[in-house]
Amino acid sequence: MKTHTRFETSAIHDGYDPADLLGSLATPLFQTSTFTFETAEQGERRFAGEENGYMYSRLGNPTVTVLEEKMAALEKGERGLAFASGMAAVSAILVALTKANDHIVCSSGLYGCTFGLINMMQDKYNIDHDFSTMETKASVRALIRPETTCIYVETPINPTMKLIDLKMVAEVAHEHDIPVVVDNTFASPYLQRPLELGCDVVVHSATKYIGGHGDVIAGVAVGKKDFLDEVQMTTLKDMGGIMSPLDAWLLIRGLKTLPLRVDRHCDNAEKVYDQLRKHPNVSRVLYPNDSNHPDYHIRQKQMKRGGGLLSFEINGTKKDAQKMLNHLRLIKIAVSLGDAETLIQHPATMTHAVVPEASRLEMGITDQLIRLSVGLEEWEDIWQDLEQALDQL
């Protein structure tokens, strides 16, 4: 399959050639559970891995394959693999890279469900983990053990917007032949490509910017072909967290406008950030495009722009934060991100509610912290809604 150099063209054309399927401009939706064989012997060959072809949609589907190939092209990886959700992708990759009594080094801030997953793995299978700020090579090296089998990183970190220097982490990891897994959900491949920085596997909640319209739950992983082929035929096949053809079709459609949407998200976020930081009821704003952000230098070298997410702390209490959210009129209270609509949520009681308070505070998630996914509306309307709600405090 031909791939294109420029991201915007690749997002539209890679992974599918209309000439392959009766000239259909739109990728066809193969809404089928199974595929027929011309002969019993052909079925035998395919199940034995001796012949390429589709057998059963849990094992592969043409519409899903288009999405996987498109995501591999956009992330500059060898192979993409689609999952039923972002957490299905995270779970499959971590299960594939670990066994009982192994060890994982994690960035010192994780999505609440990822935090829950690694604790479950510890409780059930004695797979230990440590958190690292990953600010220096020494801080990463200090936690690597003989039983460490992977390093798991979020950047930007949800919801504190802290950044991790991926090239630096990859250099340390590869000194020990340890793979680096990066959750690239917040940035999308349009803003950041971890594989180009030396990392080994990228995971996405494709529900977010990849889909972009709030109408699909999905996950994707991109990395080396040999590794993801193994994941497909073991962890994904046997645990069953597969993506449906319809969800793949929706994501393929969403990807065509990803560059346009993300640029608009970034434009709006930059303008809203400028206003938020001036409001007397806001104590601080966390946004990696801020030149005063402690990790701004990392943003400059590994991200194209600052992204459409920002977080801010109000002057007040948890009740004040909830009061502010309840006074919003245009902005929707919801825990997702990357949608056309501007979404807002309170991490301490929503996305990170599963995290014990001490760990949550150590991550920097206070009761005053609010996360904002800046949408595609006119930015003045977004700000006017935020301003009137903040003025109620």
# chains A, B, ... in the order shown; residues from 1 in each chain; ligands from 1
$ select_by_dssp --residues "stretch 45-179 of chain A" --states "strand (DSSP E or B)" --output "ChimeraX atom specification"
/A:56,79-83,103-107,128-132,148-154
$ select_by_dssp --residues "stretch 45-215 of chain A" --states "alpha helix (DSSP H)" --output "ChimeraX atom specification"
/A:45-47,62-75,86-97,112-125,137-141,166-175,188-191
$ closest_residue --among "A:Thr63, A:Thr185, A:Thr5, A:Gln392" --to "A:Ala26" --atoms "only C-alpha atoms"
A:Thr63
$ closest_residue --among "A:Met161, A:Met120, A:Ala88, A:Leu393" --to "A:Ile365" --atoms "only C-alpha atoms"
A:Met161
$ closest_residue --among "A:Arg141, A:Arg6, A:Lys225, A:Lys332" --to "A:Gly77" --atoms "only C-alpha atoms"
A:Lys225
$ decode --residues "stretch 253-268 of chain A" --atoms "N, CA, C and O atoms" --output "compact mmCIF listing (two decimals), in the first residue's frame"
# COMPACT_ATOMS: atom_id res chain seq x y z
N ARG A 253 -13.32 7.83 8.97
CA ARG A 253 -13.95 9.10 8.58
C ARG A 253 -13.42 10.25 9.42
O ARG A 253 -13.12 11.33 8.92
N GLY A 254 -13.29 10.02 10.73
CA GLY A 254 -12.79 11.07 11.61
C GLY A 254 -11.36 11.47 11.30
O GLY A 254 -11.01 12.65 11.39
N LEU A 255 -10.54 10.50 10.94
CA LEU A 255 -9.12 10.80 10.69
C LEU A 255 -8.92 11.76 9.53
O LEU A 255 -7.92 12.48 9.48
N LYS A 256 -9.84 11.77 8.58
CA LYS A 256 -9.67 12.64 7.41
C LYS A 256 -9.61 14.11 7.80
O LYS A 256 -8.99 14.92 7.09
N THR A 257 -10.24 14.47 8.90
CA THR A 257 -10.23 15.88 9.33
C THR A 257 -9.37 16.11 10.57
O THR A 257 -9.40 17.20 11.14
N LEU A 258 -8.61 15.10 11.00
CA LEU A 258 -7.81 15.25 12.22
C LEU A 258 -6.91 16.49 12.20
O LEU A 258 -6.93 17.27 13.17
N PRO A 259 -6.12 16.75 11.16
CA PRO A 259 -5.25 17.93 11.19
C PRO A 259 -6.03 19.24 11.32
O PRO A 259 -5.65 20.13 12.09
N LEU A 260 -7.14 19.35 10.59
CA LEU A 260 -7.95 20.56 10.66
C LEU A 260 -8.53 20.74 12.05
O LEU A 260 -8.51 21.85 12.62
N ARG A 261 -9.05 19.65 12.61
CA ARG A 261 -9.67 19.74 13.93
C ARG A 261 -8.65 20.08 15.01
O ARG A 261 -8.90 20.96 15.85
N VAL A 262 -7.52 19.40 14.99
CA VAL A 262 -6.54 19.62 16.06
C VAL A 262 -5.97 21.04 16.00
O VAL A 262 -5.76 21.68 17.03
N ASP A 263 -5.75 21.55 14.80
CA ASP A 263 -5.29 22.95 14.70
C ASP A 263 -6.32 23.91 15.30
O ASP A 263 -5.96 24.86 16.01
N ARG A 264 -7.59 23.66 15.04
CA ARG A 264 -8.63 24.52 15.61
C ARG A 264 -8.70 24.36 17.14
O ARG A 264 -8.85 25.34 17.87
N HIS A 265 -8.58 23.11 17.62
CA HIS A 265 -8.53 22.90 19.07
C HIS A 265 -7.38 23.71 19.69
O HIS A 265 -7.56 24.34 20.73
N CYS A 266 -6.22 23.65 19.05
CA CYS A 266 -5.05 24.36 19.57
C CYS A 266 -5.26 25.88 19.53
O CYS A 266 -4.92 26.58 20.49
N ASP A 267 -5.78 26.38 18.41
CA ASP A 267 -6.05 27.82 18.31
C ASP A 267 -6.95 28.28 19.45
O ASP A 267 -6.68 29.29 20.11
N ASN A 268 -8.03 27.55 19.66
CA ASN A 268 -8.98 27.94 20.71
C ASN A 268 -8.38 27.81 22.10
O ASN A 268 -8.59 28.67 22.97
